[in-house]
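J.: data-v2.cif is reproduced in full below (mmCIF, N, CA and C atoms).
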data_start
#
loop_
_atom_site.group_PDB
_atom_site.id
_atom_site.type_symbol
_atom_site.label_atom_id
_atom_site.label_comp_id
_atom_site.auth_asym_id
_atom_site.auth_seq_id
_atom_site.Cartn_x
_atom_site.Cartn_y
_atom_site.Cartn_z
ATOM 1 N N MET A 1233 -10.402 35.850 -13.471
ATOM 2 C CA MET A 1233 -11.854 35.838 -13.442
ATOM 3 C C MET A 1233 -12.379 34.622 -12.674
ATOM 4 N N LYS A 1234 -11.798 33.429 -12.949
ATOM 5 C CA LYS A 1234 -12.246 32.222 -12.256
ATOM 6 C C LYS A 1234 -12.083 32.371 -10.748
ATOM 7 N N PHE A 1235 -10.999 33.022 -10.334
ATOM 8 C CA PHE A 1235 -10.743 33.229 -8.913
ATOM 9 C C PHE A 1235 -11.902 33.986 -8.269
ATOM 10 N N TRP A 1236 -12.344 35.070 -8.886
ATOM 11 C CA TRP A 1236 -13.399 35.897 -8.310
ATOM 12 C C TRP A 1236 -14.740 35.181 -8.329
ATOM 13 N N VAL A 1237 -14.990 34.400 -9.352
ATOM 14 C CA VAL A 1237 -16.225 33.625 -9.401
ATOM 15 C C VAL A 1237 -16.224 32.601 -8.265
ATOM 16 N N SER A 1238 -15.080 31.936 -8.032
ATOM 17 C CA SER A 1238 -14.970 30.967 -6.944
ATOM 18 C C SER A 1238 -15.186 31.629 -5.591
ATOM 19 N N ILE A 1239 -14.587 32.787 -5.393
ATOM 20 C CA ILE A 1239 -14.747 33.520 -4.129
ATOM 21 C C ILE A 1239 -16.203 33.910 -3.937
ATOM 22 N N PHE A 1240 -16.832 34.435 -4.973
ATOM 23 C CA PHE A 1240 -18.220 34.857 -4.879
ATOM 24 C C PHE A 1240 -19.120 33.678 -4.547
ATOM 25 N N LEU A 1241 -18.948 32.560 -5.244
ATOM 26 C CA LEU A 1241 -19.771 31.385 -4.986
ATOM 27 C C LEU A 1241 -19.532 30.840 -3.590
ATOM 28 N N GLY A 1242 -18.289 30.825 -3.157
ATOM 29 C CA GLY A 1242 -17.975 30.333 -1.817
ATOM 30 C C GLY A 1242 -18.616 31.164 -0.729
ATOM 31 N N LEU A 1243 -18.654 32.482 -0.920
ATOM 32 C CA LEU A 1243 -19.243 33.365 0.077
ATOM 33 C C LEU A 1243 -20.766 33.321 0.052
ATOM 34 N N SER A 1244 -21.335 33.158 -1.124
ATOM 35 C CA SER A 1244 -22.783 33.235 -1.228
ATOM 36 C C SER A 1244 -23.475 31.878 -1.185
ATOM 37 N N LEU A 1245 -22.742 30.796 -1.217
ATOM 38 C CA LEU A 1245 -23.338 29.480 -1.331
ATOM 39 C C LEU A 1245 -24.321 29.163 -0.212
ATOM 40 N N PHE A 1246 -24.012 29.600 0.998
ATOM 41 C CA PHE A 1246 -24.883 29.277 2.118
ATOM 42 C C PHE A 1246 -25.524 30.515 2.729
ATOM 43 N N ALA A 1247 -25.693 31.534 1.933
ATOM 44 C CA ALA A 1247 -26.398 32.720 2.408
ATOM 45 C C ALA A 1247 -27.839 32.331 2.705
ATOM 46 N N GLU A 1248 -28.507 33.136 3.477
ATOM 47 C CA GLU A 1248 -29.870 32.840 3.881
ATOM 48 C C GLU A 1248 -30.791 32.581 2.695
ATOM 49 N N ASP A 1249 -30.552 33.266 1.612
ATOM 50 C CA ASP A 1249 -31.392 33.099 0.424
ATOM 51 C C ASP A 1249 -30.732 32.197 -0.614
ATOM 52 N N SER A 1250 -29.826 31.343 -0.167
ATOM 53 C CA SER A 1250 -29.076 30.467 -1.055
ATOM 54 C C SER A 1250 -29.989 29.453 -1.740
ATOM 55 N N PHE A 1251 -29.587 29.026 -2.906
ATOM 56 C CA PHE A 1251 -30.344 28.017 -3.634
ATOM 57 C C PHE A 1251 -30.036 26.606 -3.149
ATOM 58 N N ILE A 1252 -29.027 26.444 -2.321
ATOM 59 C CA ILE A 1252 -28.657 25.125 -1.795
ATOM 60 C C ILE A 1252 -28.381 25.264 -0.298
ATOM 61 N N THR A 1253 -28.862 24.295 0.461
ATOM 62 C CA THR A 1253 -28.656 24.339 1.908
ATOM 63 C C THR A 1253 -27.349 23.642 2.271
ATOM 64 N N LEU A 1254 -26.913 23.853 3.483
ATOM 65 C CA LEU A 1254 -25.714 23.189 3.986
ATOM 66 C C LEU A 1254 -25.922 21.673 3.957
ATOM 67 N N TYR A 1255 -27.117 21.238 4.303
ATOM 68 C CA TYR A 1255 -27.444 19.808 4.279
ATOM 69 C C TYR A 1255 -27.324 19.247 2.860
ATOM 70 N N GLU A 1256 -27.885 19.941 1.883
ATOM 71 C CA GLU A 1256 -27.822 19.486 0.490
ATOM 72 C C GLU A 1256 -26.389 19.451 -0.017
ATOM 73 N N TYR A 1257 -25.604 20.450 0.354
ATOM 74 C CA TYR A 1257 -24.195 20.486 -0.042
ATOM 75 C C TYR A 1257 -23.445 19.308 0.563
ATOM 76 N N GLY A 1258 -23.700 19.037 1.846
ATOM 77 C CA GLY A 1258 -23.076 17.893 2.510
ATOM 78 C C GLY A 1258 -23.460 16.581 1.849
ATOM 79 N N GLU A 1259 -24.720 16.458 1.461
ATOM 80 C CA GLU A 1259 -25.172 15.243 0.782
ATOM 81 C C GLU A 1259 -24.480 15.077 -0.564
ATOM 82 N N MET A 1260 -24.340 16.162 -1.311
ATOM 83 C CA MET A 1260 -23.642 16.101 -2.597
ATOM 84 C C MET A 1260 -22.197 15.661 -2.405
ATOM 85 N N LEU A 1261 -21.531 16.218 -1.415
ATOM 86 C CA LEU A 1261 -20.149 15.833 -1.134
ATOM 87 C C LEU A 1261 -20.062 14.377 -0.701
ATOM 88 N N TYR A 1262 -21.003 13.934 0.109
ATOM 89 C CA TYR A 1262 -21.009 12.555 0.587
ATOM 90 C C TYR A 1262 -21.141 11.585 -0.581
ATOM 91 N N ARG A 1263 -21.963 11.926 -1.528
ATOM 92 C CA ARG A 1263 -22.195 11.045 -2.674
ATOM 93 C C ARG A 1263 -21.038 11.059 -3.670
ATOM 94 N N ASN A 1264 -20.321 12.180 -3.795
ATOM 95 C CA ASN A 1264 -19.225 12.244 -4.763
ATOM 96 C C ASN A 1264 -18.323 13.449 -4.489
ATOM 97 N N PRO A 1265 -17.461 13.372 -3.460
ATOM 98 C CA PRO A 1265 -16.619 14.516 -3.140
ATOM 99 C C PRO A 1265 -15.493 14.780 -4.146
ATOM 100 N N ARG A 1266 -14.828 13.757 -4.597
ATOM 101 C CA ARG A 1266 -13.706 13.937 -5.522
ATOM 102 C C ARG A 1266 -13.578 12.701 -6.417
ATOM 103 N N GLY A 1267 -14.648 12.306 -7.047
ATOM 104 C CA GLY A 1267 -14.590 11.187 -7.963
ATOM 105 C C GLY A 1267 -15.103 9.872 -7.414
ATOM 106 N N ILE A 1268 -14.943 9.624 -6.130
ATOM 107 C CA ILE A 1268 -15.514 8.420 -5.510
ATOM 108 C C ILE A 1268 -16.148 8.850 -4.198
ATOM 109 N N GLY A 1269 -17.399 8.513 -4.048
ATOM 110 C CA GLY A 1269 -18.153 8.993 -2.900
ATOM 111 C C GLY A 1269 -17.963 8.185 -1.637
ATOM 112 N N CYS A 1270 -18.186 8.832 -0.515
ATOM 113 C CA CYS A 1270 -18.160 8.201 0.807
ATOM 114 C C CYS A 1270 -19.205 7.090 0.870
ATOM 115 N N ILE A 1271 -20.276 7.272 0.109
ATOM 116 C CA ILE A 1271 -21.413 6.355 0.109
ATOM 117 C C ILE A 1271 -21.007 4.922 -0.240
ATOM 118 N N HIS A 1272 -19.982 4.753 -1.044
ATOM 119 C CA HIS A 1272 -19.586 3.422 -1.489
ATOM 120 C C HIS A 1272 -19.026 2.557 -0.365
ATOM 121 N N CYS A 1273 -18.414 3.161 0.626
ATOM 122 C CA CYS A 1273 -17.835 2.397 1.735
ATOM 123 C C CYS A 1273 -18.590 2.599 3.054
ATOM 124 N N HIS A 1274 -19.224 3.745 3.197
ATOM 125 C CA HIS A 1274 -19.907 4.054 4.453
ATOM 126 C C HIS A 1274 -21.417 3.912 4.344
ATOM 127 N N GLY A 1275 -21.904 3.499 3.182
ATOM 128 C CA GLY A 1275 -23.326 3.241 3.016
ATOM 129 C C GLY A 1275 -24.146 4.477 2.739
ATOM 130 N N GLU A 1276 -25.397 4.229 2.436
ATOM 131 C CA GLU A 1276 -26.336 5.281 2.038
ATOM 132 C C GLU A 1276 -26.433 6.406 3.065
ATOM 133 N N LYS A 1277 -26.426 6.065 4.353
ATOM 134 C CA LYS A 1277 -26.627 7.066 5.397
ATOM 135 C C LYS A 1277 -25.503 7.096 6.418
ATOM 136 N N GLY A 1278 -24.343 6.554 6.061
ATOM 137 C CA GLY A 1278 -23.192 6.591 6.959
ATOM 138 C C GLY A 1278 -23.113 5.449 7.946
ATOM 139 N N LYS A 1279 -23.967 4.436 7.803
ATOM 140 C CA LYS A 1279 -23.999 3.311 8.751
ATOM 141 C C LYS A 1279 -22.856 2.329 8.568
ATOM 142 N N GLY A 1280 -22.134 2.443 7.467
ATOM 143 C CA GLY A 1280 -21.077 1.483 7.161
ATOM 144 C C GLY A 1280 -21.576 0.520 6.102
ATOM 145 N N ALA A 1281 -20.674 -0.012 5.312
ATOM 146 C CA ALA A 1281 -21.070 -0.903 4.234
ATOM 147 C C ALA A 1281 -19.956 -1.895 3.930
ATOM 148 N N TYR A 1282 -20.353 -2.994 3.357
ATOM 149 C CA TYR A 1282 -19.427 -4.022 2.898
ATOM 150 C C TYR A 1282 -18.621 -3.471 1.725
ATOM 151 N N ILE A 1283 -17.308 -3.656 1.745
ATOM 152 C CA ILE A 1283 -16.449 -3.224 0.644
ATOM 153 C C ILE A 1283 -15.966 -4.437 -0.142
ATOM 154 N N ALA A 1284 -15.344 -5.382 0.548
ATOM 155 C CA ALA A 1284 -14.801 -6.563 -0.125
ATOM 156 C C ALA A 1284 -14.437 -7.614 0.916
ATOM 157 N N SER A 1285 -14.174 -8.819 0.435
ATOM 158 C CA SER A 1285 -13.615 -9.861 1.302
ATOM 159 C C SER A 1285 -12.519 -10.568 0.514
ATOM 160 N N TYR A 1286 -11.557 -11.095 1.253
ATOM 161 C CA TYR A 1286 -10.422 -11.765 0.621
ATOM 162 C C TYR A 1286 -9.817 -12.757 1.598
ATOM 163 N N LEU A 1287 -8.994 -13.638 1.076
ATOM 164 C CA LEU A 1287 -8.296 -14.611 1.913
ATOM 165 C C LEU A 1287 -6.907 -14.088 2.249
ATOM 166 N N GLU A 1288 -6.558 -14.192 3.525
ATOM 167 C CA GLU A 1288 -5.220 -13.813 3.980
ATOM 168 C C GLU A 1288 -4.766 -14.878 4.960
ATOM 169 N N ASP A 1289 -3.666 -15.544 4.634
ATOM 170 C CA ASP A 1289 -3.145 -16.632 5.468
ATOM 171 C C ASP A 1289 -4.217 -17.690 5.727
ATOM 172 N N GLY A 1290 -5.005 -17.985 4.709
ATOM 173 C CA GLY A 1290 -6.032 -19.013 4.818
ATOM 174 C C GLY A 1290 -7.296 -18.590 5.547
ATOM 175 N N LYS A 1291 -7.370 -17.342 5.975
ATOM 176 C CA LYS A 1291 -8.552 -16.853 6.693
ATOM 177 C C LYS A 1291 -9.265 -15.797 5.853
ATOM 178 N N ARG A 1292 -10.585 -15.822 5.898
ATOM 179 C CA ARG A 1292 -11.384 -14.837 5.178
ATOM 180 C C ARG A 1292 -11.394 -13.528 5.969
ATOM 181 N N VAL A 1293 -11.028 -12.461 5.305
ATOM 182 C CA VAL A 1293 -11.036 -11.127 5.898
ATOM 183 C C VAL A 1293 -12.123 -10.321 5.199
ATOM 184 N N VAL A 1294 -12.987 -9.707 5.986
ATOM 185 C CA VAL A 1294 -14.050 -8.871 5.432
ATOM 186 C C VAL A 1294 -13.689 -7.412 5.703
ATOM 187 N N LEU A 1295 -13.683 -6.635 4.658
ATOM 188 C CA LEU A 1295 -13.376 -5.209 4.753
ATOM 189 C C LEU A 1295 -14.683 -4.439 4.683
ATOM 190 N N ARG A 1296 -14.947 -3.661 5.729
ATOM 191 C CA ARG A 1296 -16.169 -2.857 5.804
ATOM 192 C C ARG A 1296 -15.806 -1.415 6.117
ATOM 193 N N GLY A 1297 -16.570 -0.505 5.561
ATOM 194 C CA GLY A 1297 -16.444 0.895 5.932
ATOM 195 C C GLY A 1297 -17.157 1.095 7.259
ATOM 196 N N PRO A 1298 -16.561 1.813 8.193
ATOM 197 C CA PRO A 1298 -17.181 1.969 9.517
ATOM 198 C C PRO A 1298 -18.389 2.908 9.511
ATOM 199 N N ASP A 1299 -19.187 2.794 10.547
ATOM 200 C CA ASP A 1299 -20.307 3.697 10.790
ATOM 201 C C ASP A 1299 -19.722 5.061 11.157
ATOM 202 N N ILE A 1300 -20.102 6.093 10.450
ATOM 203 C CA ILE A 1300 -19.548 7.429 10.703
ATOM 204 C C ILE A 1300 -20.625 8.437 11.081
ATOM 205 N N ARG A 1301 -21.807 7.957 11.438
ATOM 206 C CA ARG A 1301 -22.912 8.873 11.757
ATOM 207 C C ARG A 1301 -22.688 9.664 13.031
ATOM 208 N N ASN A 1302 -21.990 9.114 14.000
ATOM 209 C CA ASN A 1302 -21.833 9.790 15.294
ATOM 210 C C ASN A 1302 -20.409 10.251 15.567
ATOM 211 N N VAL A 1303 -19.647 10.429 14.523
ATOM 212 C CA VAL A 1303 -18.272 10.910 14.680
ATOM 213 C C VAL A 1303 -18.319 12.422 14.906
ATOM 214 N N GLY A 1304 -17.605 12.895 15.904
ATOM 215 C CA GLY A 1304 -17.563 14.328 16.188
ATOM 216 C C GLY A 1304 -16.833 15.097 15.092
ATOM 217 N N MET A 1305 -17.075 16.386 15.038
ATOM 218 C CA MET A 1305 -16.505 17.234 13.999
ATOM 219 C C MET A 1305 -14.974 17.192 13.997
ATOM 220 N N GLU A 1306 -14.350 17.305 15.152
ATOM 221 C CA GLU A 1306 -12.886 17.325 15.208
ATOM 222 C C GLU A 1306 -12.283 15.994 14.784
ATOM 223 N N LYS A 1307 -12.895 14.890 15.222
ATOM 224 C CA LYS A 1307 -12.394 13.578 14.819
ATOM 225 C C LYS A 1307 -12.582 13.382 13.314
ATOM 226 N N MET A 1308 -13.715 13.814 12.773
ATOM 227 C CA MET A 1308 -13.944 13.687 11.341
ATOM 228 C C MET A 1308 -12.890 14.476 10.564
ATOM 229 N N LYS A 1309 -12.604 15.666 11.027
ATOM 230 C CA LYS A 1309 -11.609 16.507 10.357
ATOM 231 C C LYS A 1309 -10.233 15.836 10.392
ATOM 232 N N ARG A 1310 -9.820 15.352 11.573
ATOM 233 C CA ARG A 1310 -8.522 14.676 11.682
ATOM 234 C C ARG A 1310 -8.463 13.452 10.766
ATOM 235 N N THR A 1311 -9.536 12.692 10.750
ATOM 236 C CA THR A 1311 -9.574 11.475 9.934
ATOM 237 C C THR A 1311 -9.492 11.799 8.451
ATOM 238 N N LEU A 1312 -10.223 12.808 8.027
ATOM 239 C CA LEU A 1312 -10.234 13.158 6.604
ATOM 240 C C LEU A 1312 -8.929 13.793 6.134
ATOM 241 N N LEU A 1313 -8.173 14.357 7.051
ATOM 242 C CA LEU A 1313 -6.940 15.039 6.658
ATOM 243 C C LEU A 1313 -5.707 14.145 6.708
ATOM 244 N N LYS A 1314 -5.838 12.931 7.270
ATOM 245 C CA LYS A 1314 -4.668 12.044 7.308
ATOM 246 C C LYS A 1314 -4.782 10.984 6.221
ATOM 247 N N ARG A 1315 -3.658 10.391 5.891
ATOM 248 C CA ARG A 1315 -3.636 9.337 4.873
ATOM 249 C C ARG A 1315 -4.047 8.009 5.494
ATOM 250 N N HIS A 1316 -4.725 7.187 4.700
ATOM 251 C CA HIS A 1316 -5.199 5.875 5.132
ATOM 252 C C HIS A 1316 -4.730 4.822 4.146
ATOM 253 N N ARG A 1317 -4.711 3.591 4.605
ATOM 254 C CA ARG A 1317 -4.344 2.491 3.700
ATOM 255 C C ARG A 1317 -5.443 2.221 2.684
ATOM 256 N N VAL A 1318 -6.692 2.363 3.071
ATOM 257 C CA VAL A 1318 -7.807 2.016 2.198
ATOM 258 C C VAL A 1318 -8.560 3.248 1.707
ATOM 259 N N MET A 1319 -8.883 4.152 2.591
ATOM 260 C CA MET A 1319 -9.699 5.312 2.233
ATOM 261 C C MET A 1319 -8.907 6.310 1.390
ATOM 262 N N PRO A 1320 -9.528 6.813 0.319
ATOM 263 C CA PRO A 1320 -8.839 7.830 -0.495
ATOM 264 C C PRO A 1320 -8.646 9.124 0.287
ATOM 265 N N THR A 1321 -7.688 9.907 -0.123
ATOM 266 C CA THR A 1321 -7.499 11.246 0.428
ATOM 267 C C THR A 1321 -8.254 12.212 -0.482
ATOM 268 N N TYR A 1322 -9.150 12.980 0.104
ATOM 269 C CA TYR A 1322 -10.023 13.836 -0.696
ATOM 270 C C TYR A 1322 -9.569 15.289 -0.780
ATOM 271 N N PHE A 1323 -8.692 15.734 0.098
ATOM 272 C CA PHE A 1323 -8.222 17.119 0.113
ATOM 273 C C PHE A 1323 -9.400 18.082 0.248
ATOM 274 N N LEU A 1324 -10.253 17.825 1.239
ATOM 275 C CA LEU A 1324 -11.439 18.640 1.463
ATOM 276 C C LEU A 1324 -11.087 19.903 2.237
ATOM 277 N N THR A 1325 -11.836 20.948 1.978
ATOM 278 C CA THR A 1325 -11.667 22.200 2.712
ATOM 279 C C THR A 1325 -12.416 22.103 4.042
ATOM 280 N N ASP A 1326 -12.162 23.036 4.943
ATOM 281 C CA ASP A 1326 -12.872 23.060 6.223
ATOM 282 C C ASP A 1326 -14.382 23.171 6.012
ATOM 283 N N SER A 1327 -14.805 24.005 5.071
ATOM 284 C CA SER A 1327 -16.248 24.174 4.847
ATOM 285 C C SER A 1327 -16.861 22.898 4.265
ATOM 286 N N GLU A 1328 -16.124 22.171 3.459
ATOM 287 C CA GLU A 1328 -16.628 20.906 2.928
ATOM 288 C C GLU A 1328 -16.754 19.867 4.045
ATOM 289 N N ILE A 1329 -15.777 19.819 4.925
ATOM 290 C CA ILE A 1329 -15.831 18.885 6.056
ATOM 291 C C ILE A 1329 -17.004 19.235 6.964
ATOM 292 N N ARG A 1330 -17.226 20.528 7.217
ATOM 293 C CA ARG A 1330 -18.371 20.954 8.036
ATOM 294 C C ARG A 1330 -19.686 20.528 7.388
ATOM 295 N N ALA A 1331 -19.788 20.675 6.073
ATOM 296 C CA ALA A 1331 -21.012 20.293 5.363
ATOM 297 C C ALA A 1331 -21.235 18.783 5.446
ATOM 298 N N LEU A 1332 -20.183 17.989 5.263
ATOM 299 C CA LEU A 1332 -20.296 16.535 5.394
ATOM 300 C C LEU A 1332 -20.744 16.152 6.801
ATOM 301 N N HIS A 1333 -20.123 16.762 7.785
ATOM 302 C CA HIS A 1333 -20.473 16.474 9.177
ATOM 303 C C HIS A 1333 -21.925 16.842 9.445
ATOM 304 N N TYR A 1334 -22.343 17.979 8.968
ATOM 305 C CA TYR A 1334 -23.721 18.426 9.167
ATOM 306 C C TYR A 1334 -24.702 17.422 8.554
ATOM 307 N N PHE A 1335 -24.411 16.976 7.334
ATOM 308 C CA PHE A 1335 -25.264 15.999 6.665
ATOM 309 C C PHE A 1335 -25.382 14.708 7.495
ATOM 310 N N LEU A 1336 -24.266 14.188 7.941
ATOM 311 C CA LEU A 1336 -24.267 12.933 8.698
ATOM 312 C C LEU A 1336 -24.899 13.109 10.079
ATOM 313 N N ALA A 1337 -24.627 14.225 10.719
ATOM 314 C CA ALA A 1337 -25.171 14.475 12.068
ATOM 315 C C ALA A 1337 -26.676 14.687 12.045
ATOM 316 N N ASN A 1338 -27.207 15.017 10.902
ATOM 317 C CA ASN A 1338 -28.645 15.269 10.789
ATOM 318 C C ASN A 1338 -29.373 14.119 10.089
ATOM 319 N N GLY A 1339 -28.901 12.929 10.312
ATOM 320 C CA GLY A 1339 -29.599 11.743 9.859
ATOM 321 C C GLY A 1339 -29.205 11.206 8.524
ATOM 322 N N GLY A 1340 -28.423 11.941 7.747
ATOM 323 C CA GLY A 1340 -28.031 11.462 6.445
ATOM 324 C C GLY A 1340 -29.235 11.097 5.580
ATOM 325 N N GLU A 1341 -30.356 11.737 5.848
ATOM 326 C CA GLU A 1341 -31.574 11.427 5.089
ATOM 327 C C GLU A 1341 -32.056 12.622 4.312
#
How does the structure come out when it is put into structure tokens?
T.:
Amino acid sequence: MKFWVSIFLGLSLFAEDSFITLYEYGEMLYRNPRGIGCIHCHGEKGKGAYIASYLEDGKRVVLRGPDIRNVGMEKMKRTLLKRHRVMPTYFLTDSEIRALHYFLANGGE
């Protein structure tokens, strides 16, 4: 039963008469895709944000999330599907990545 409900929701989520837009879905994913949102490292609108600073070999290192507002769809997909030292792996679907990209490409506002 859960399988069919998931299929139905996935197919109807962005229908013309849908209760949620692609932009709204992308914003929801950006804020909390899998427990920790992109917003914490990439900022409110994808401009990038301060994460932390620390000392390494006597030098202060500042860790910032990069600006992701103008990243193309293919690069975003490649980036989200590979493992990173700092960024969590979210295991997003193609439709989730498209929604995130749409949200960011349309101003993140």
J.: Rounded to one decimal, what separation in Å do you get between CA of Pro1320 (chain A) and CA of His1333 (chain A)?
T.: 17.4 Å
J.: Take the PyMOL selection byres (((chain A and resi 1304-1314 and name CA) around 12) and name CA), apply it to the structure above, and return the hits as number ranges by chain.
T.: A: 1265, 1270, 1299-1303, 1315-1337
J.: DSSP on the backbone, alpha helix (DSSP H) only: what residues of chain A does that give? Format it as an MDAnalysis selection string.
T.: chainID A and resid 1234:1244 1254:1263 1271:1274 1305:1313 1326:1337
J.: Find the distance between CA of Glu1276 (chain A) and CA of Leu1295 (chain A) and write it in Å to one decimal.
T.: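 Separating CA of Glu1276 (chain A) from CA of Leu1295 (chain A) is a distance of 16.9 Å.
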J.: Which is closer to Gly1278 (chain A) than all the others in A:Pro1298, A:Arg1266, A:Leu1254, A:Lys1291, using only N, CA and C atoms?
T.: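 Nearest candidate to Gly1278 (chain A) out of A:Pro1298, A:Arg1266, A:Leu1254, A:Lys1291: A:Pro1298.
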